file structure.cif (mmCIF, N, CA and C atoms)
data_run
#
loop_
_atom_site.group_PDB
_atom_site.id
_atom_site.type_symbol
_atom_site.label_atom_id
_atom_site.label_comp_id
_atom_site.auth_asym_id
_atom_site.auth_seq_id
_atom_site.Cartn_x
_atom_site.Cartn_y
_atom_site.Cartn_z
ATOM 1 N N MET F 379 161.356 77.176 45.748
ATOM 2 C CA MET F 379 160.630 77.245 44.499
ATOM 3 C C MET F 379 159.116 77.121 44.719
ATOM 4 N N LYS F 380 158.712 76.252 45.676
ATOM 5 C CA LYS F 380 157.283 76.081 45.967
ATOM 6 C C LYS F 380 156.675 77.367 46.525
ATOM 7 N N VAL F 381 157.449 78.097 47.305
ATOM 8 C CA VAL F 381 156.960 79.331 47.909
ATOM 9 C C VAL F 381 156.710 80.378 46.826
ATOM 10 N N ILE F 382 157.627 80.485 45.877
ATOM 11 C CA ILE F 382 157.464 81.456 44.794
ATOM 12 C C ILE F 382 156.249 81.093 43.942
ATOM 13 N N THR F 383 156.074 79.807 43.635
ATOM 14 C CA THR F 383 154.927 79.359 42.844
ATOM 15 C C THR F 383 153.618 79.640 43.587
ATOM 16 N N ALA F 384 153.600 79.373 44.898
ATOM 17 C CA ALA F 384 152.392 79.613 45.697
ATOM 18 C C ALA F 384 152.066 81.106 45.743
ATOM 19 N N CYS F 385 153.083 81.958 45.890
ATOM 20 C CA CYS F 385 152.851 83.409 45.914
ATOM 21 C C CYS F 385 152.349 83.909 44.561
ATOM 22 N N LEU F 386 152.962 83.416 43.488
ATOM 23 C CA LEU F 386 152.535 83.814 42.148
ATOM 24 C C LEU F 386 151.092 83.378 41.880
ATOM 25 N N ARG F 387 150.748 82.166 42.298
ATOM 26 C CA ARG F 387 149.376 81.679 42.124
ATOM 27 C C ARG F 387 148.392 82.526 42.926
ATOM 28 N N ALA F 388 148.763 82.921 44.147
ATOM 29 C CA ALA F 388 147.883 83.745 44.975
ATOM 30 C C ALA F 388 147.667 85.118 44.338
ATOM 31 N N VAL F 389 148.708 85.709 43.789
ATOM 32 C CA VAL F 389 148.582 87.011 43.144
ATOM 33 C C VAL F 389 147.707 86.907 41.905
ATOM 34 N N LEU F 390 147.906 85.874 41.092
ATOM 35 C CA LEU F 390 147.079 85.680 39.890
ATOM 36 C C LEU F 390 145.621 85.434 40.250
ATOM 37 N N ASN F 391 145.374 84.647 41.284
ATOM 38 C CA ASN F 391 143.992 84.403 41.721
ATOM 39 C C ASN F 391 143.336 85.687 42.214
ATOM 40 N N PHE F 392 144.109 86.534 42.914
ATOM 41 C CA PHE F 392 143.582 87.800 43.396
ATOM 42 C C PHE F 392 143.147 88.675 42.226
ATOM 43 N N PHE F 393 144.027 88.830 41.231
ATOM 44 C CA PHE F 393 143.685 89.679 40.085
ATOM 45 C C PHE F 393 142.554 89.083 39.247
ATOM 46 N N ALA F 394 142.498 87.763 39.147
ATOM 47 C CA ALA F 394 141.392 87.136 38.410
ATOM 48 C C ALA F 394 140.068 87.408 39.112
ATOM 49 N N GLU F 395 140.069 87.360 40.444
ATOM 50 C CA GLU F 395 138.833 87.640 41.184
ATOM 51 C C GLU F 395 138.446 89.107 41.081
ATOM 52 N N VAL F 396 139.428 90.005 41.074
ATOM 53 C CA VAL F 396 139.137 91.430 40.926
ATOM 54 C C VAL F 396 138.554 91.707 39.546
ATOM 55 N N LEU F 397 139.128 91.090 38.514
ATOM 56 C CA LEU F 397 138.670 91.338 37.143
ATOM 57 C C LEU F 397 137.354 90.639 36.824
ATOM 58 N N PHE F 398 137.227 89.384 37.216
ATOM 59 C CA PHE F 398 136.080 88.584 36.804
ATOM 60 C C PHE F 398 135.064 88.343 37.904
ATOM 61 N N GLY F 399 135.385 88.647 39.133
ATOM 62 C CA GLY F 399 134.456 88.420 40.239
ATOM 63 C C GLY F 399 134.481 86.981 40.709
ATOM 64 N N CYS F 400 133.682 86.718 41.702
ATOM 65 C CA CYS F 400 133.609 85.374 42.271
ATOM 66 C C CYS F 400 132.783 84.480 41.355
ATOM 67 N N SER F 401 133.190 83.233 41.215
ATOM 68 C CA SER F 401 132.446 82.302 40.358
ATOM 69 C C SER F 401 131.313 81.611 41.122
ATOM 70 N N HIS F 402 131.252 81.810 42.428
ATOM 71 C CA HIS F 402 130.226 81.203 43.297
ATOM 72 C C HIS F 402 130.165 79.689 43.095
ATOM 73 N N SER F 403 131.319 79.050 43.101
ATOM 74 C CA SER F 403 131.356 77.607 42.895
ATOM 75 C C SER F 403 131.149 76.830 44.192
ATOM 76 N N LYS F 404 131.411 77.451 45.335
ATOM 77 C CA LYS F 404 131.209 76.794 46.626
ATOM 78 C C LYS F 404 130.006 77.422 47.306
ATOM 79 N N LEU F 405 128.869 76.733 47.261
ATOM 80 C CA LEU F 405 127.627 77.269 47.822
ATOM 81 C C LEU F 405 127.162 76.417 48.993
ATOM 82 N N SER F 406 126.511 77.085 49.943
ATOM 83 C CA SER F 406 125.886 76.354 51.042
ATOM 84 C C SER F 406 124.617 75.686 50.519
ATOM 85 N N ARG F 407 124.015 74.878 51.333
ATOM 86 C CA ARG F 407 122.719 74.317 50.929
ATOM 87 C C ARG F 407 121.663 75.409 51.052
ATOM 88 N N PRO F 408 120.549 75.296 50.341
ATOM 89 C CA PRO F 408 119.492 76.318 50.432
ATOM 90 C C PRO F 408 118.840 76.305 51.816
ATOM 91 N N PHE F 409 118.546 77.477 52.332
ATOM 92 C CA PHE F 409 117.805 77.572 53.582
ATOM 93 C C PHE F 409 116.904 78.793 53.536
ATOM 94 N N THR F 410 115.899 78.808 54.418
ATOM 95 C CA THR F 410 114.885 79.858 54.414
ATOM 96 C C THR F 410 114.917 80.621 55.733
ATOM 97 N N LEU F 411 114.989 81.949 55.621
ATOM 98 C CA LEU F 411 114.879 82.851 56.762
ATOM 99 C C LEU F 411 113.962 83.990 56.364
ATOM 100 N N ASN F 412 113.030 84.332 57.217
ATOM 101 C CA ASN F 412 112.101 85.443 56.960
ATOM 102 C C ASN F 412 111.405 85.297 55.610
ATOM 103 N N HIS F 413 110.953 84.116 55.284
ATOM 104 C CA HIS F 413 110.214 83.822 54.051
ATOM 105 C C HIS F 413 111.048 84.055 52.791
ATOM 106 N N GLU F 414 112.363 84.019 52.878
ATOM 107 C CA GLU F 414 113.235 84.128 51.711
ATOM 108 C C GLU F 414 114.160 82.923 51.701
ATOM 109 N N THR F 415 114.216 82.220 50.581
ATOM 110 C CA THR F 415 115.068 81.053 50.441
ATOM 111 C C THR F 415 116.275 81.436 49.604
ATOM 112 N N TYR F 416 117.457 81.117 50.105
ATOM 113 C CA TYR F 416 118.666 81.457 49.371
ATOM 114 C C TYR F 416 119.812 80.540 49.765
ATOM 115 N N GLU F 417 120.851 80.564 48.916
ATOM 116 C CA GLU F 417 122.113 79.906 49.203
ATOM 117 C C GLU F 417 123.136 81.008 49.456
ATOM 118 N N VAL F 418 124.234 80.667 50.103
ATOM 119 C CA VAL F 418 125.290 81.639 50.368
ATOM 120 C C VAL F 418 126.585 81.118 49.773
ATOM 121 N N CYS F 419 127.299 81.988 49.038
ATOM 122 C CA CYS F 419 128.610 81.639 48.506
ATOM 123 C C CYS F 419 129.588 81.575 49.675
ATOM 124 N N LEU F 420 130.289 80.469 49.817
ATOM 125 C CA LEU F 420 131.205 80.303 50.938
ATOM 126 C C LEU F 420 132.512 81.068 50.741
ATOM 127 N N ASP F 421 132.771 81.534 49.516
ATOM 128 C CA ASP F 421 133.986 82.301 49.260
ATOM 129 C C ASP F 421 133.786 83.794 49.519
ATOM 130 N N CYS F 422 132.690 84.368 48.957
ATOM 131 C CA CYS F 422 132.509 85.825 49.058
ATOM 132 C C CYS F 422 131.356 86.237 49.969
ATOM 133 N N GLY F 423 130.467 85.313 50.336
ATOM 134 C CA GLY F 423 129.372 85.633 51.244
ATOM 135 C C GLY F 423 128.115 86.171 50.581
ATOM 136 N N LYS F 424 128.059 86.195 49.262
ATOM 137 C CA LYS F 424 126.890 86.730 48.567
ATOM 138 C C LYS F 424 125.700 85.786 48.728
ATOM 139 N N GLN F 425 124.507 86.367 48.927
ATOM 140 C CA GLN F 425 123.274 85.582 48.985
ATOM 141 C C GLN F 425 122.754 85.382 47.563
ATOM 142 N N ILE F 426 122.482 84.148 47.213
ATOM 143 C CA ILE F 426 121.936 83.819 45.901
ATOM 144 C C ILE F 426 120.543 83.264 46.145
ATOM 145 N N TYR F 427 119.527 84.033 45.725
ATOM 146 C CA TYR F 427 118.151 83.632 45.972
ATOM 147 C C TYR F 427 117.833 82.351 45.237
ATOM 148 N N TYR F 428 116.977 81.536 45.848
ATOM 149 C CA TYR F 428 116.745 80.170 45.391
ATOM 150 C C TYR F 428 115.244 79.897 45.385
ATOM 151 N N SER F 429 114.764 79.185 44.371
ATOM 152 C CA SER F 429 113.363 78.799 44.290
ATOM 153 C C SER F 429 113.197 77.403 44.892
ATOM 154 N N ALA F 430 112.492 77.330 46.007
ATOM 155 C CA ALA F 430 112.286 76.033 46.640
ATOM 156 C C ALA F 430 111.307 75.168 45.848
ATOM 157 N N GLN F 431 110.391 75.808 45.084
ATOM 158 C CA GLN F 431 109.440 75.042 44.289
ATOM 159 C C GLN F 431 110.115 74.400 43.080
ATOM 160 N N GLU F 432 111.001 75.146 42.416
ATOM 161 C CA GLU F 432 111.644 74.643 41.202
ATOM 162 C C GLU F 432 113.029 74.073 41.466
ATOM 163 N N MET F 433 113.534 74.202 42.678
ATOM 164 C CA MET F 433 114.840 73.663 43.083
ATOM 165 C C MET F 433 115.969 74.175 42.193
ATOM 166 N N ARG F 434 116.031 75.502 42.012
ATOM 167 C CA ARG F 434 117.098 76.113 41.212
ATOM 168 C C ARG F 434 117.293 77.546 41.685
ATOM 169 N N PRO F 435 118.484 78.098 41.431
ATOM 170 C CA PRO F 435 118.696 79.510 41.768
ATOM 171 C C PRO F 435 117.829 80.408 40.893
ATOM 172 N N LEU F 436 117.414 81.550 41.446
ATOM 173 C CA LEU F 436 116.604 82.500 40.690
ATOM 174 C C LEU F 436 117.490 83.361 39.803
ATOM 175 N N THR F 437 116.968 83.740 38.651
ATOM 176 C CA THR F 437 117.680 84.654 37.763
ATOM 177 C C THR F 437 117.576 86.075 38.319
ATOM 178 N N PRO F 438 118.463 86.975 37.906
ATOM 179 C CA PRO F 438 118.359 88.363 38.390
ATOM 180 C C PRO F 438 117.002 88.997 38.080
ATOM 181 N N TRP F 439 116.410 88.679 36.930
ATOM 182 C CA TRP F 439 115.091 89.207 36.584
ATOM 183 C C TRP F 439 114.039 88.719 37.574
ATOM 184 N N GLU F 440 114.091 87.429 37.953
ATOM 185 C CA GLU F 440 113.132 86.880 38.907
ATOM 186 C C GLU F 440 113.310 87.506 40.297
ATOM 187 N N VAL F 441 114.549 87.795 40.674
ATOM 188 C CA VAL F 441 114.800 88.431 41.973
ATOM 189 C C VAL F 441 114.233 89.841 41.990
ATOM 190 N N ARG F 442 114.437 90.621 40.890
ATOM 191 C CA ARG F 442 113.874 91.979 40.822
ATOM 192 C C ARG F 442 112.356 91.934 40.895
ATOM 193 N N ARG F 443 111.743 90.979 40.199
ATOM 194 C CA ARG F 443 110.285 90.855 40.222
ATOM 195 C C ARG F 443 109.796 90.500 41.622
ATOM 196 N N MET F 444 110.513 89.598 42.305
ATOM 197 C CA MET F 444 110.130 89.197 43.653
ATOM 198 C C MET F 444 110.225 90.378 44.612
ATOM 199 N N LYS F 445 111.309 91.154 44.517
ATOM 200 C CA LYS F 445 111.477 92.312 45.399
ATOM 201 C C LYS F 445 110.409 93.375 45.127
ATOM 202 N N ALA F 446 110.068 93.593 43.855
ATOM 203 C CA ALA F 446 109.034 94.568 43.519
ATOM 204 C C ALA F 446 107.677 94.117 44.040
ATOM 205 N N ALA F 447 107.388 92.827 43.962
ATOM 206 C CA ALA F 447 106.114 92.313 44.464
ATOM 207 C C ALA F 447 106.036 92.456 45.986
ATOM 208 N N GLN F 448 107.155 92.216 46.682
ATOM 209 C CA GLN F 448 107.167 92.363 48.138
ATOM 210 C C GLN F 448 107.009 93.819 48.553
ATOM 211 N N ALA F 449 107.502 94.734 47.729
ATOM 212 C CA ALA F 449 107.388 96.157 48.046
ATOM 213 C C ALA F 449 106.011 96.709 47.694
ATOM 214 N N GLY F 450 105.175 95.911 47.022
ATOM 215 C CA GLY F 450 103.845 96.352 46.657
ATOM 216 C C GLY F 450 103.802 97.168 45.385
ATOM 217 N N GLU F 451 104.895 97.147 44.614
ATOM 218 C CA GLU F 451 104.945 97.929 43.391
ATOM 219 C C GLU F 451 104.263 97.242 42.222
ATOM 220 N N VAL F 452 104.171 95.923 42.263
ATOM 221 C CA VAL F 452 103.667 95.159 41.126
ATOM 222 C C VAL F 452 102.654 94.148 41.628
ATOM 223 N N LYS F 453 101.552 94.026 40.920
ATOM 224 C CA LYS F 453 100.607 92.960 41.210
ATOM 225 C C LYS F 453 100.939 91.794 40.294
ATOM 226 N N ILE F 454 101.005 90.607 40.860
ATOM 227 C CA ILE F 454 101.306 89.435 40.062
ATOM 228 C C ILE F 454 99.979 88.793 39.684
ATOM 229 N N MET F 455 99.720 88.733 38.395
ATOM 230 C CA MET F 455 98.472 88.189 37.883
ATOM 231 C C MET F 455 98.747 86.830 37.250
ATOM 232 N N PRO F 456 97.885 85.851 37.489
ATOM 233 C CA PRO F 456 98.079 84.553 36.830
ATOM 234 C C PRO F 456 97.818 84.681 35.329
ATOM 235 N N VAL F 457 98.502 83.865 34.566
ATOM 236 C CA VAL F 457 98.337 83.870 33.117
ATOM 237 C C VAL F 457 97.093 83.060 32.779
ATOM 238 N N ALA F 458 96.205 83.643 31.995
ATOM 239 C CA ALA F 458 94.970 82.952 31.609
ATOM 240 C C ALA F 458 95.302 81.798 30.664
ATOM 241 N N PRO F 459 94.590 80.676 30.778
ATOM 242 C CA PRO F 459 94.902 79.532 29.918
ATOM 243 C C PRO F 459 94.625 79.813 28.439
ATOM 244 N N GLY F 460 93.635 80.633 28.122
ATOM 245 C CA GLY F 460 93.323 80.936 26.731
ATOM 246 C C GLY F 460 94.005 82.217 26.300
ATOM 247 N N ARG F 461 95.313 82.186 26.169
ATOM 248 C CA ARG F 461 96.061 83.393 25.806
ATOM 249 C C ARG F 461 95.707 83.825 24.390
ATOM 250 N N PRO F 462 95.764 85.118 24.122
ATOM 251 C CA PRO F 462 95.492 85.580 22.769
ATOM 252 C C PRO F 462 96.559 85.053 21.814
ATOM 253 N N ARG F 463 96.148 84.801 20.587
ATOM 254 C CA ARG F 463 97.087 84.280 19.605
ATOM 255 C C ARG F 463 97.241 85.296 18.486
ATOM 256 N N LEU F 464 98.327 85.169 17.752
ATOM 257 C CA LEU F 464 98.565 86.054 16.628
ATOM 258 C C LEU F 464 97.687 85.632 15.460
ATOM 259 N N VAL F 465 97.134 86.604 14.763
ATOM 260 C CA VAL F 465 96.262 86.326 13.621
ATOM 261 C C VAL F 465 97.070 86.540 12.345
ATOM 262 N N PRO F 466 97.103 85.537 11.460
ATOM 263 C CA PRO F 466 97.838 85.717 10.208
ATOM 264 C C PRO F 466 97.230 86.856 9.378
ATOM 265 N N ALA F 467 98.054 87.473 8.556
ATOM 266 C CA ALA F 467 97.618 88.615 7.751
ATOM 267 C C ALA F 467 96.454 88.254 6.846
ATOM 268 N N SER F 468 96.388 87.029 6.366
ATOM 269 C CA SER F 468 95.316 86.629 5.442
ATOM 270 C C SER F 468 93.958 86.584 6.153
ATOM 271 N N GLU F 469 93.939 86.417 7.490
ATOM 272 C CA GLU F 469 92.679 86.327 8.217
ATOM 273 C C GLU F 469 92.227 87.649 8.815
ATOM 274 N N ARG F 470 93.061 88.671 8.769
ATOM 275 C CA ARG F 470 92.705 89.956 9.353
ATOM 276 C C ARG F 470 91.675 90.691 8.517
ATOM 277 N N ASN F 471 90.775 91.420 9.198
ATOM 278 C CA ASN F 471 89.830 92.291 8.498
ATOM 279 C C ASN F 471 90.586 93.553 8.098
ATOM 280 N N SER F 472 90.459 93.898 6.869
ATOM 281 C CA SER F 472 91.180 95.051 6.387
ATOM 282 C C SER F 472 90.194 96.208 6.188
ATOM 283 N N ASN F 473 90.636 97.410 6.481
ATOM 284 C CA ASN F 473 89.824 98.605 6.277
ATOM 285 C C ASN F 473 90.123 99.258 4.940
ATOM 286 N N ARG F 474 90.891 98.571 4.108
ATOM 287 C CA ARG F 474 91.233 99.144 2.801
ATOM 288 C C ARG F 474 90.025 99.109 1.866
ATOM 289 N N ALA F 475 89.974 100.086 0.981
ATOM 290 C CA ALA F 475 88.904 100.090 -0.024
ATOM 291 C C ALA F 475 89.181 99.002 -1.049
ATOM 292 N N ALA F 476 88.131 98.328 -1.450
ATOM 293 C CA ALA F 476 88.316 97.222 -2.370
ATOM 294 C C ALA F 476 88.404 97.661 -3.810
#
call {"tool": "encode", "arguments": {"input": "structure.cif", "output": "structure tokens"}}
result
Amino acid sequence: MKVITACLRAVLNFFAEVLFGCSHSKLSRPFTLNHETYEVCLDCGKQIYYSAQEMRPLTPWEVRRMKAAQAGEVKIMPVAPGRPRLVPASERNSNRAA
């Protein structure tokens, strides 16, 4: 009976992984090679990029931005402290005839 249960569990786990993918629950510690910091999933081997400054995994958007910056496609500009603000409609100059 244990053998049948173990086989059934293995088949269900296989189909769950095919349908939903790896959950990346078993990760290595972060390490840096060639100026890239990442963790590795011990189940599937996927590299998950990691921010050493913020101590968290990078989002897919942050990874795309990092790769584009390394390829020279995008210049990363610092955000100015005095960002423009939205002006309420009552304060806007209107070009309408009075």
call {"tool": "atom_distance", "arguments": {"input": "structure.cif", "atom1": "atom N of Ser406 of chain F", "atom2": "atom N of Glu440 of chain F"}}
result
20.1 Å
call {"tool": "resolve_selection", "arguments": {"input": "structure.cif", "expression": "the PyMOL selection byres (((chain F and resi 441 and name CA) around 12) and name CA)", "output": "ChimeraX atom specification"}}
result
/F:414-416,425-429,435-440,442-448
call {"tool": "atom_distance", "arguments": {"input": "structure.cif", "atom1": "atom C of Val389 of chain F", "atom2": "atom N of Cys419 of chain F"}}
result
22.2 Å
call {"tool": "atom_distance", "arguments": {"input": "structure.cif", "atom1": "atom CA of Ala384 of chain F", "atom2": "atom CA of Asp421 of chain F"}}
result
18.9 Å
